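So this one's final.cif, mmCIF, C-alpha atoms:
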data_model
#
loop_
_atom_site.group_PDB
_atom_site.id
_atom_site.type_symbol
_atom_site.label_atom_id
_atom_site.label_comp_id
_atom_site.auth_asym_id
_atom_site.auth_seq_id
_atom_site.Cartn_x
_atom_site.Cartn_y
_atom_site.Cartn_z
ATOM 1 C CA MET A 1 -205.582 88.785 192.649
ATOM 2 C CA ALA A 2 -204.529 92.285 192.942
ATOM 3 C CA LEU A 3 -203.432 94.257 189.754
ATOM 4 C CA LEU A 4 -200.368 96.369 190.168
ATOM 5 C CA ILE A 5 -200.261 99.335 187.804
ATOM 6 C CA VAL A 6 -197.054 101.416 187.532
ATOM 7 C CA LEU A 7 -197.294 104.665 185.778
ATOM 8 C CA PHE A 8 -194.173 106.173 184.125
ATOM 9 C CA GLN A 9 -193.991 109.887 183.223
ATOM 10 C CA ALA A 10 -192.146 110.825 179.960
ATOM 11 C CA PRO A 11 -189.241 113.150 180.563
ATOM 12 C CA GLU A 12 -189.496 116.726 179.383
ATOM 13 C CA PRO A 13 -187.554 117.727 176.244
ATOM 14 C CA GLN A 14 -185.203 119.898 178.253
ATOM 15 C CA GLU A 15 -184.256 116.904 180.358
ATOM 16 C CA LEU A 16 -183.578 114.795 177.296
ATOM 17 C CA ALA A 17 -181.301 117.513 175.946
ATOM 18 C CA ALA A 18 -179.456 117.692 179.218
ATOM 19 C CA THR A 19 -178.839 113.962 179.258
ATOM 20 C CA ARG A 20 -177.405 113.838 175.693
ATOM 21 C CA PRO A 21 -173.695 114.116 175.368
ATOM 22 C CA ALA A 22 -172.627 117.433 173.886
ATOM 23 C CA THR A 23 -171.225 117.320 170.389
ATOM 24 C CA ALA A 24 -167.861 119.085 169.951
ATOM 25 C CA PRO A 25 -168.099 122.046 167.560
ATOM 26 C CA ALA A 26 -166.388 121.658 164.210
ATOM 27 C CA ARG A 27 -163.001 123.272 163.987
ATOM 28 C CA ALA A 28 -162.230 125.788 161.210
ATOM 29 C CA PRO A 29 -159.574 124.478 158.870
ATOM 30 C CA ARG A 30 -156.123 125.976 159.489
ATOM 31 C CA ALA A 31 -154.403 127.657 156.583
ATOM 32 C CA SER A 32 -151.359 125.735 155.770
ATOM 33 C CA SER A 33 -148.161 127.812 155.445
ATOM 34 C CA PRO A 34 -146.085 127.156 152.354
ATOM 35 C CA PRO A 35 -142.819 125.477 152.959
ATOM 36 C CA PRO A 36 -139.866 127.856 153.302
ATOM 37 C CA SER A 37 -138.490 126.815 149.964
ATOM 38 C CA ALA A 38 -141.678 127.909 148.174
ATOM 39 C CA ALA A 39 -141.575 131.547 149.482
ATOM 40 C CA THR A 40 -141.462 134.177 146.690
ATOM 41 C CA PRO A 41 -138.363 136.418 147.070
ATOM 42 C CA ASP A 42 -138.795 140.198 147.012
ATOM 43 C CA PRO A 43 -137.909 141.759 143.597
ATOM 44 C CA GLU A 44 -134.462 143.318 143.516
ATOM 45 C CA PRO A 45 -134.322 147.104 142.761
ATOM 46 C CA PRO A 46 -132.978 148.028 139.285
ATOM 47 C CA ALA A 47 -129.294 148.675 139.140
ATOM 48 C CA ALA A 48 -128.379 152.368 139.198
ATOM 49 C CA PRO A 49 -126.536 153.670 136.093
ATOM 50 C CA ASP A 50 -122.845 154.127 136.428
ATOM 51 C CA ALA A 51 -122.058 157.678 137.585
ATOM 52 C CA PRO A 52 -119.669 159.604 135.285
ATOM 53 C CA GLU A 53 -116.153 159.773 136.546
ATOM 54 C CA PRO A 54 -115.118 163.246 137.700
ATOM 55 C CA PRO A 55 -112.628 164.980 135.401
ATOM 56 C CA SER A 56 -109.042 164.601 136.352
ATOM 57 C CA ALA A 57 -106.964 167.538 137.480
ATOM 58 C CA ALA A 58 -105.060 167.466 134.166
ATOM 59 C CA GLU A 59 -108.281 167.879 132.120
ATOM 60 C CA PRO A 60 -110.618 170.392 133.821
ATOM 61 C CA ALA A 61 -114.259 170.278 132.843
ATOM 62 C CA PRO A 62 -115.207 172.950 130.248
ATOM 63 C CA GLU A 63 -117.229 175.849 131.557
ATOM 64 C CA PRO A 64 -120.869 176.112 130.396
ATOM 65 C CA GLY A 65 -121.069 177.878 127.035
ATOM 66 C CA ALA A 66 -117.322 177.676 126.411
ATOM 67 C CA GLU A 67 -117.744 175.609 123.252
ATOM 68 C CA ALA A 68 -120.375 177.988 121.850
ATOM 69 C CA ALA A 69 -118.189 181.024 122.574
ATOM 70 C CA ALA A 70 -115.213 179.393 120.859
ATOM 71 C CA ALA A 71 -117.252 179.087 117.644
ATOM 72 C CA LEU A 72 -117.892 182.867 117.489
ATOM 73 C CA GLY A 73 -115.662 185.681 116.331
ATOM 74 C CA VAL A 74 -114.055 188.560 118.223
ATOM 75 C CA LEU A 75 -113.207 191.841 116.448
ATOM 76 C CA ARG A 76 -110.645 194.223 117.934
ATOM 77 C CA ILE A 77 -111.089 197.484 116.031
ATOM 78 C CA GLN A 78 -108.813 200.497 116.301
ATOM 79 C CA SER A 79 -108.221 203.592 114.192
ATOM 80 C CA ASP A 80 -105.624 206.345 113.782
ATOM 81 C CA VAL A 81 -108.365 208.790 114.850
ATOM 82 C CA PRO A 82 -109.542 207.785 118.357
ATOM 83 C CA GLY A 83 -113.262 207.904 119.034
ATOM 84 C CA ALA A 84 -114.352 206.911 115.531
ATOM 85 C CA GLN A 85 -117.879 205.513 115.429
ATOM 86 C CA VAL A 86 -118.171 201.835 114.469
ATOM 87 C CA PHE A 87 -121.178 200.212 112.797
ATOM 88 C CA LEU A 88 -121.488 196.503 112.070
ATOM 89 C CA ASP A 89 -124.236 195.578 109.612
ATOM 90 C CA ARG A 90 -125.638 199.123 110.067
ATOM 91 C CA ARG A 91 -125.862 198.679 113.847
ATOM 92 C CA TYR A 92 -123.885 201.003 116.106
ATOM 93 C CA ILE A 93 -121.554 199.003 118.360
ATOM 94 C CA GLY A 94 -119.202 201.596 119.879
ATOM 95 C CA VAL A 95 -116.196 203.853 119.310
ATOM 96 C CA THR A 96 -112.576 203.016 118.649
ATOM 97 C CA PRO A 97 -110.621 201.454 120.178
ATOM 98 C CA MET A 98 -113.136 198.724 120.928
ATOM 99 C CA THR A 99 -113.745 194.982 121.024
ATOM 100 C CA ALA A 100 -116.825 193.325 119.560
ATOM 101 C CA ASP A 101 -117.502 189.895 121.091
ATOM 102 C CA ASN A 102 -119.752 187.042 119.966
ATOM 103 C CA VAL A 103 -119.825 187.948 116.274
ATOM 104 C CA THR A 104 -121.387 185.259 114.102
ATOM 105 C CA PRO A 105 -118.947 183.850 111.534
ATOM 106 C CA GLY A 106 -119.609 184.927 107.957
ATOM 107 C CA THR A 107 -119.547 188.075 105.851
ATOM 108 C CA HIS A 108 -120.429 191.351 107.577
ATOM 109 C CA GLN A 109 -120.410 195.023 106.569
ATOM 110 C CA LEU A 110 -118.156 197.291 108.625
ATOM 111 C CA ASN A 111 -118.523 201.078 108.571
ATOM 112 C CA VAL A 112 -116.300 203.429 110.559
ATOM 113 C CA SER A 113 -116.627 207.205 110.525
ATOM 114 C CA ALA A 114 -114.739 210.114 112.097
ATOM 115 C CA GLU A 115 -115.524 213.797 111.893
ATOM 116 C CA GLY A 116 -113.503 215.597 109.230
ATOM 117 C CA PHE A 117 -112.549 212.411 107.379
ATOM 118 C CA ASP A 118 -114.060 210.218 104.716
ATOM 119 C CA SER A 119 -115.952 207.241 106.116
ATOM 120 C CA VAL A 120 -114.469 203.796 105.689
ATOM 121 C CA ALA A 121 -116.807 201.049 104.462
ATOM 122 C CA MET A 122 -115.618 197.519 103.881
ATOM 123 C CA PRO A 123 -116.910 193.941 103.916
ATOM 124 C CA ILE A 124 -115.156 191.704 106.422
ATOM 125 C CA GLU A 125 -115.060 187.945 106.773
ATOM 126 C CA VAL A 126 -115.464 186.797 110.373
ATOM 127 C CA THR A 127 -114.131 183.423 111.489
ATOM 128 C CA PRO A 128 -114.050 181.809 114.956
ATOM 129 C CA GLY A 129 -111.445 183.466 117.122
ATOM 130 C CA ALA A 130 -109.997 186.961 117.391
ATOM 131 C CA ARG A 131 -109.162 189.343 114.540
ATOM 132 C CA GLU A 132 -107.405 192.729 114.575
ATOM 133 C CA ILE A 133 -108.763 195.485 112.298
ATOM 134 C CA ALA A 134 -106.894 198.788 111.894
ATOM 135 C CA ILE A 135 -108.753 201.674 110.245
ATOM 136 C CA THR A 136 -106.671 204.507 108.765
ATOM 137 C CA PHE A 137 -108.390 207.825 108.197
ATOM 138 C CA LYS A 138 -105.257 209.886 107.652
ATOM 139 C CA GLU A 139 -104.296 208.059 104.472
ATOM 140 C CA VAL A 140 -105.508 209.583 101.229
ATOM 141 C CA HIS A 141 -107.448 207.176 99.012
ATOM 142 C CA LEU A 142 -108.247 208.109 95.431
ATOM 143 C CA ASP A 143 -108.978 206.001 92.380
ATOM 144 C CA SER A 144 -110.858 208.019 89.757
ATOM 145 C CA SER A 145 -110.740 208.230 85.975
ATOM 146 C CA ILE A 146 -112.723 209.851 83.170
ATOM 147 C CA ALA A 147 -112.741 209.773 79.383
ATOM 148 C CA VAL A 148 -111.884 213.208 77.932
ATOM 149 C CA ILE A 149 -111.070 215.123 74.785
ATOM 150 C CA HIS A 150 -108.133 217.506 74.828
ATOM 151 C CA ARG A 151 -108.737 220.449 72.557
ATOM 152 C CA HIS A 152 -105.636 222.333 71.520
ATOM 153 C CA GLY A 153 -104.840 225.020 68.972
ATOM 154 C CA ILE A 154 -105.185 222.746 65.961
ATOM 155 C CA GLY A 155 -107.347 219.669 66.326
ATOM 156 C CA SER A 156 -107.851 217.574 69.405
ATOM 157 C CA CYS A 157 -107.005 214.176 70.884
ATOM 158 C CA ARG A 158 -108.901 211.666 72.949
ATOM 159 C CA GLY A 159 -107.698 209.930 76.052
ATOM 160 C CA ARG A 160 -108.368 209.300 79.729
ATOM 161 C CA LEU A 161 -107.530 211.262 82.858
ATOM 162 C CA VAL A 162 -106.533 209.006 85.750
ATOM 163 C CA ALA A 163 -106.114 210.297 89.312
ATOM 164 C CA THR A 164 -104.577 208.496 92.313
ATOM 165 C CA PRO A 165 -103.016 209.867 95.526
ATOM 166 C CA ARG A 166 -99.679 209.654 93.694
ATOM 167 C CA GLY A 167 -100.699 212.040 90.932
ATOM 168 C CA LEU A 168 -102.701 212.894 87.816
ATOM 169 C CA ARG A 169 -101.888 211.472 84.414
ATOM 170 C CA TYR A 170 -103.293 211.799 80.939
ATOM 171 C CA GLU A 171 -103.258 208.578 78.925
ATOM 172 C CA THR A 172 -103.560 209.095 75.166
ATOM 173 C CA SER A 173 -102.199 207.729 71.926
ATOM 174 C CA ASN A 174 -100.725 211.185 71.222
ATOM 175 C CA ARG A 175 -97.399 210.984 72.969
ATOM 176 C CA ASP A 176 -96.800 214.722 72.789
ATOM 177 C CA ASP A 177 -99.866 215.358 74.964
ATOM 178 C CA ALA A 178 -99.482 212.531 77.486
ATOM 179 C CA PHE A 179 -98.276 213.648 80.913
ATOM 180 C CA ALA A 180 -98.028 212.661 84.583
ATOM 181 C CA ALA A 181 -97.724 215.054 87.525
ATOM 182 C CA ALA A 182 -98.053 214.976 91.321
ATOM 183 C CA LEU A 183 -101.340 216.351 92.576
ATOM 184 C CA LEU A 184 -99.733 219.118 94.609
ATOM 185 C CA ASP A 185 -97.515 220.112 91.690
ATOM 186 C CA LEU A 186 -100.465 221.175 89.546
ATOM 187 C CA GLU A 187 -100.453 224.951 89.146
ATOM 188 C CA ALA A 188 -104.129 225.007 88.149
ATOM 189 C CA PHE A 189 -106.917 222.477 88.440
ATOM 190 C CA GLN A 190 -110.256 224.160 87.773
ATOM 191 C CA VAL A 191 -113.632 223.199 86.358
ATOM 192 C CA ASP A 192 -115.994 225.504 84.490
ATOM 193 C CA TYR A 193 -119.376 223.839 84.739
ATOM 194 C CA LEU A 194 -121.149 226.172 82.297
ATOM 195 C CA ALA A 195 -118.375 225.931 79.708
ATOM 196 C CA LYS A 196 -118.114 222.159 80.329
ATOM 197 C CA ASN A 197 -114.368 222.502 80.599
ATOM 198 C CA LEU A 198 -111.688 221.179 82.992
ATOM 199 C CA ARG A 199 -108.497 223.243 82.932
ATOM 200 C CA VAL A 200 -105.203 221.740 84.053
ATOM 201 C CA ARG A 201 -101.873 223.614 84.105
ATOM 202 C CA LEU A 202 -98.672 221.668 84.680
ATOM 203 C CA PRO A 203 -95.660 222.893 86.688
ATOM 204 C CA LYS A 204 -93.816 224.059 83.580
ATOM 205 C CA GLY A 205 -96.796 226.140 82.537
ATOM 206 C CA ARG A 206 -98.288 223.918 79.866
ATOM 207 C CA GLN A 207 -102.081 224.081 79.929
ATOM 208 C CA PHE A 208 -104.724 221.528 78.955
ATOM 209 C CA ASN A 209 -108.450 222.049 78.380
ATOM 210 C CA PHE A 210 -110.464 218.871 78.712
ATOM 211 C CA THR A 211 -114.104 218.272 77.794
ATOM 212 C CA ASP A 212 -116.361 215.266 78.106
ATOM 213 C CA PRO A 213 -116.840 213.301 74.838
ATOM 214 C CA ASP A 214 -120.621 213.436 75.353
ATOM 215 C CA GLY A 215 -120.652 217.037 76.552
ATOM 216 C CA ASN A 216 -121.566 215.870 80.086
ATOM 217 C CA ALA A 217 -120.451 218.526 82.557
ATOM 218 C CA ASP A 218 -121.536 216.424 85.558
ATOM 219 C CA ARG A 219 -118.802 213.857 85.002
ATOM 220 C CA LEU A 220 -116.173 216.599 84.792
ATOM 221 C CA PHE A 221 -117.547 218.147 88.002
ATOM 222 C CA VAL A 222 -117.458 214.873 89.977
ATOM 223 C CA PHE A 223 -113.940 214.060 88.808
ATOM 224 C CA HIS A 224 -112.711 217.533 89.787
ATOM 225 C CA ARG A 225 -114.434 217.289 93.206
ATOM 226 C CA ASP A 226 -112.803 213.957 94.077
ATOM 227 C CA VAL A 227 -109.335 215.050 92.982
ATOM 228 C CA GLU A 228 -109.560 218.404 94.744
ATOM 229 C CA LYS A 229 -110.616 216.718 97.992
ATOM 230 C CA ALA A 230 -107.525 214.510 97.839
ATOM 231 C CA ARG A 231 -105.342 217.556 97.142
ATOM 232 C CA GLU A 232 -106.695 219.272 100.270
ATOM 233 C CA ARG A 233 -105.928 216.205 102.403
ATOM 234 C CA LEU A 234 -102.384 216.059 101.068
ATOM 235 C CA ARG A 235 -101.874 219.738 101.882
ATOM 236 C CA LYS A 236 -102.832 218.999 105.506
ATOM 237 C CA GLY A 237 -100.103 216.403 105.720
ATOM 238 C CA ASP A 238 -102.065 213.167 105.259
ATOM 239 C CA GLN A 239 -100.075 210.534 103.420
ATOM 240 C CA PRO A 240 -101.034 208.750 100.179
ATOM 241 C CA ALA A 241 -102.426 205.298 100.742
ATOM 242 C CA SER A 242 -100.173 202.432 99.801
ATOM 243 C CA ASP A 243 -102.824 200.726 97.658
#
In structure tokens, what does this structure look like?
Amino acid sequence: MALLIVLFQAPEPQELAATRPATAPARAPRASSPPPSAATPDPEPPAAPDAPEPPSAAEPAPEPGAEAAAALGVLRIQSDVPGAQVFLDRRYIGVTPMTADNVTPGTHQLNVSAEGFDSVAMPIEVTPGAREIAITFKEVHLDSSIAVIHRHGIGSCRGRLVATPRGLRYETSNRDDAFAAALLDLEAFQVDYLAKNLRVRLPKGRQFNFTDPDGNADRLFVFHRDVEKARERLRKGDQPASD
């Protein structure tokens, strides 16, 4: 009996791989979109502040600095001698007539001077707003007095000499010696510094010799100087001050 032998050859690995069905690759998971209702709304921008309403035609808007200027003072200074120099708190600010703006309210020192006249110095109170100031140089101001002793033929009397633009008077308890006379009516008004004597002669010729109670010739000299200066101003036609 014949033996039949069949030989089978094992397939190569590549062939086995070719005969296997291919496996589908795994799909990447899809990102699920949120439902429309779950969407986050964009944040709303903050509300802008209300813009100020423009001023109406009946009430115009104030100019910048108007309120500050209204709180300051304005001085309008004039004098009966044009061109007088004006100083405010010792600072030169101009000549008359002039206007000083933006002056701080409060007490200030005003000095005004003109050549040939006595300077005027005065404190002034400045308030918000305008103020008119009139300086008079041609008025004669005088307010001077001195204690004296009147020596006459027998004895003496004590009193006080008082001088104003209206005149010179001697105030004393001795009525026979008391007098009052206009400055320009005095026939003599002389001081002797070495003799420490002030001689006054009245219109009717009566004469007085005054001395200082303490023998101080300086006080007699100053009194005579002030009165004589006023007499010179009156001779030039300047008028007595009303004060």
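With CA of Gln78 (chain A) on one side and CA of Pro123 (chain A) on the other, the separation reads 16.2 Å.
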**OP:** For the structure provided, state which residues fall under the PyMOL selection byres ((chain A and resi 142-147) around 10), and present them as number ranges by chain.
**Re:** A: 139-141, 148-149, 158-171, 210-214, 219-220, 222-224, 226-227, 229-230, 240-241, 243
Original post:
What residues come out when you apply the PyMOL selection byres ((chain A and resi 84) around 9) to this file, written as a VMD selection string?
Top reply: chain A and resid 78 to 83 85 to 86 94 to 97 112 to 115
For C-alpha atoms, I'd like the residues from the last selection saved as a PDB file, in the frame of the given file.
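So the final result, stored in selection_25.pdb, reads:
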ATOM      1  CA  GLN A  78    -108.813 200.497 116.301  1.00  0.00           C
ATOM      2  CA  SER A  79    -108.221 203.592 114.192  1.00  0.00           C
ATOM      3  CA  ASP A  80    -105.624 206.345 113.782  1.00  0.00           C
ATOM      4  CA  VAL A  81    -108.365 208.790 114.850  1.00  0.00           C
ATOM      5  CA  PRO A  82    -109.542 207.785 118.357  1.00  0.00           C
ATOM      6  CA  GLY A  83    -113.262 207.904 119.034  1.00  0.00           C
ATOM      7  CA  GLN A  85    -117.879 205.513 115.429  1.00  0.00           C
ATOM      8  CA  VAL A  86    -118.171 201.835 114.469  1.00  0.00           C
ATOM      9  CA  GLY A  94    -119.202 201.596 119.879  1.00  0.00           C
ATOM     10  CA  VAL A  95    -116.196 203.853 119.310  1.00  0.00           C
ATOM     11  CA  THR A  96    -112.576 203.016 118.649  1.00  0.00           C
ATOM     12  CA  PRO A  97    -110.621 201.454 120.178  1.00  0.00           C
ATOM     13  CA  VAL A 112    -116.300 203.429 110.559  1.00  0.00           C
ATOM     14  CA  SER A 113    -116.627 207.205 110.525  1.00  0.00           C
ATOM     15  CA  ALA A 114    -114.739 210.114 112.097  1.00  0.00           C
ATOM     16  CA  GLU A 115    -115.524 213.797 111.893  1.00  0.00           C
TER      17      GLU A 115
END
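Nearest residue to Val103 (chain A), choosing from A:Asp177, A:Gly73, A:Tyr193, A:Arg91 and counting only C-alpha atoms: A:Gly73.
Run against this file, the PyMOL selection byres ((chain A and resi 109) around 12) gives back Val86, Phe87, Leu88, Asp89, Arg90, Arg91, Tyr92, Gly106, Thr107, His108, Leu110, Asn111, Val112, Val120, Ala121, Met122, Pro123, Ile124, Glu125 and Val126 of chain A.
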Would you save the residues of that selection, restricted to C-alpha atoms, as a PDB file, keeping the file's coordinate frame?
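The result, stored in out.pdb:
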ATOM      1  CA  VAL A  86    -118.171 201.835 114.469  1.00  0.00           C
ATOM      2  CA  PHE A  87    -121.178 200.212 112.797  1.00  0.00           C
ATOM      3  CA  LEU A  88    -121.488 196.503 112.070  1.00  0.00           C
ATOM      4  CA  ASP A  89    -124.236 195.578 109.612  1.00  0.00           C
ATOM      5  CA  ARG A  90    -125.638 199.123 110.067  1.00  0.00           C
ATOM      6  CA  ARG A  91    -125.862 198.679 113.847  1.00  0.00           C
ATOM      7  CA  TYR A  92    -123.885 201.003 116.106  1.00  0.00           C
ATOM      8  CA  GLY A 106    -119.609 184.927 107.957  1.00  0.00           C
ATOM      9  CA  THR A 107    -119.547 188.075 105.851  1.00  0.00           C
ATOM     10  CA  HIS A 108    -120.429 191.351 107.577  1.00  0.00           C
ATOM     11  CA  LEU A 110    -118.156 197.291 108.625  1.00  0.00           C
ATOM     12  CA  ASN A 111    -118.523 201.078 108.571  1.00  0.00           C
ATOM     13  CA  VAL A 112    -116.300 203.429 110.559  1.00  0.00           C
ATOM     14  CA  VAL A 120    -114.469 203.796 105.689  1.00  0.00           C
ATOM     15  CA  ALA A 121    -116.807 201.049 104.462  1.00  0.00           C
ATOM     16  CA  MET A 122    -115.618 197.519 103.881  1.00  0.00           C
ATOM     17  CA  PRO A 123    -116.910 193.941 103.916  1.00  0.00           C
ATOM     18  CA  ILE A 124    -115.156 191.704 106.422  1.00  0.00           C
ATOM     19  CA  GLU A 125    -115.060 187.945 106.773  1.00  0.00           C
ATOM     20  CA  VAL A 126    -115.464 186.797 110.373  1.00  0.00           C
TER      21      VAL A 126
END
3 Å per side around region 138-156 of chain A: axis-aligned box centre and edge lengths, as JSON:
{"center_x": -108.5, "center_y": 215.5, "center_z": 86.8, "size_x": 14.4, "size_y": 25.0, "size_z": 47.7}
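The residue that comes closest to Asn102 (chain A), out of A:Thr127, A:Ser119, A:Gln190, A:Asn197 and on the basis of only C-alpha atoms, is A:Thr127.
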Subject >> CA of Phe179 (chain A) to CA of Leu202 (chain A), distance in Å rounded to a single decimal >> reply: 8.9 Å
Subject >> Atom pair CA of Asp185 (chain A) / CA of Pro203 (chain A): separation (Å) >> reply: 6.0 Å
Subject >> Pick from A:Ile77, A:His150, A:Leu72, A:Thr172 nearest to Pro105 (chain A), counting all atoms listed in the file >> reply: A:Leu72
Original post:
Which is closer to Leu183 (chain A) than all the others in A:Arg76, A:Arg231, A:Lys236, A:Arg131, using all atoms listed in the file?
Top reply: A:Arg231
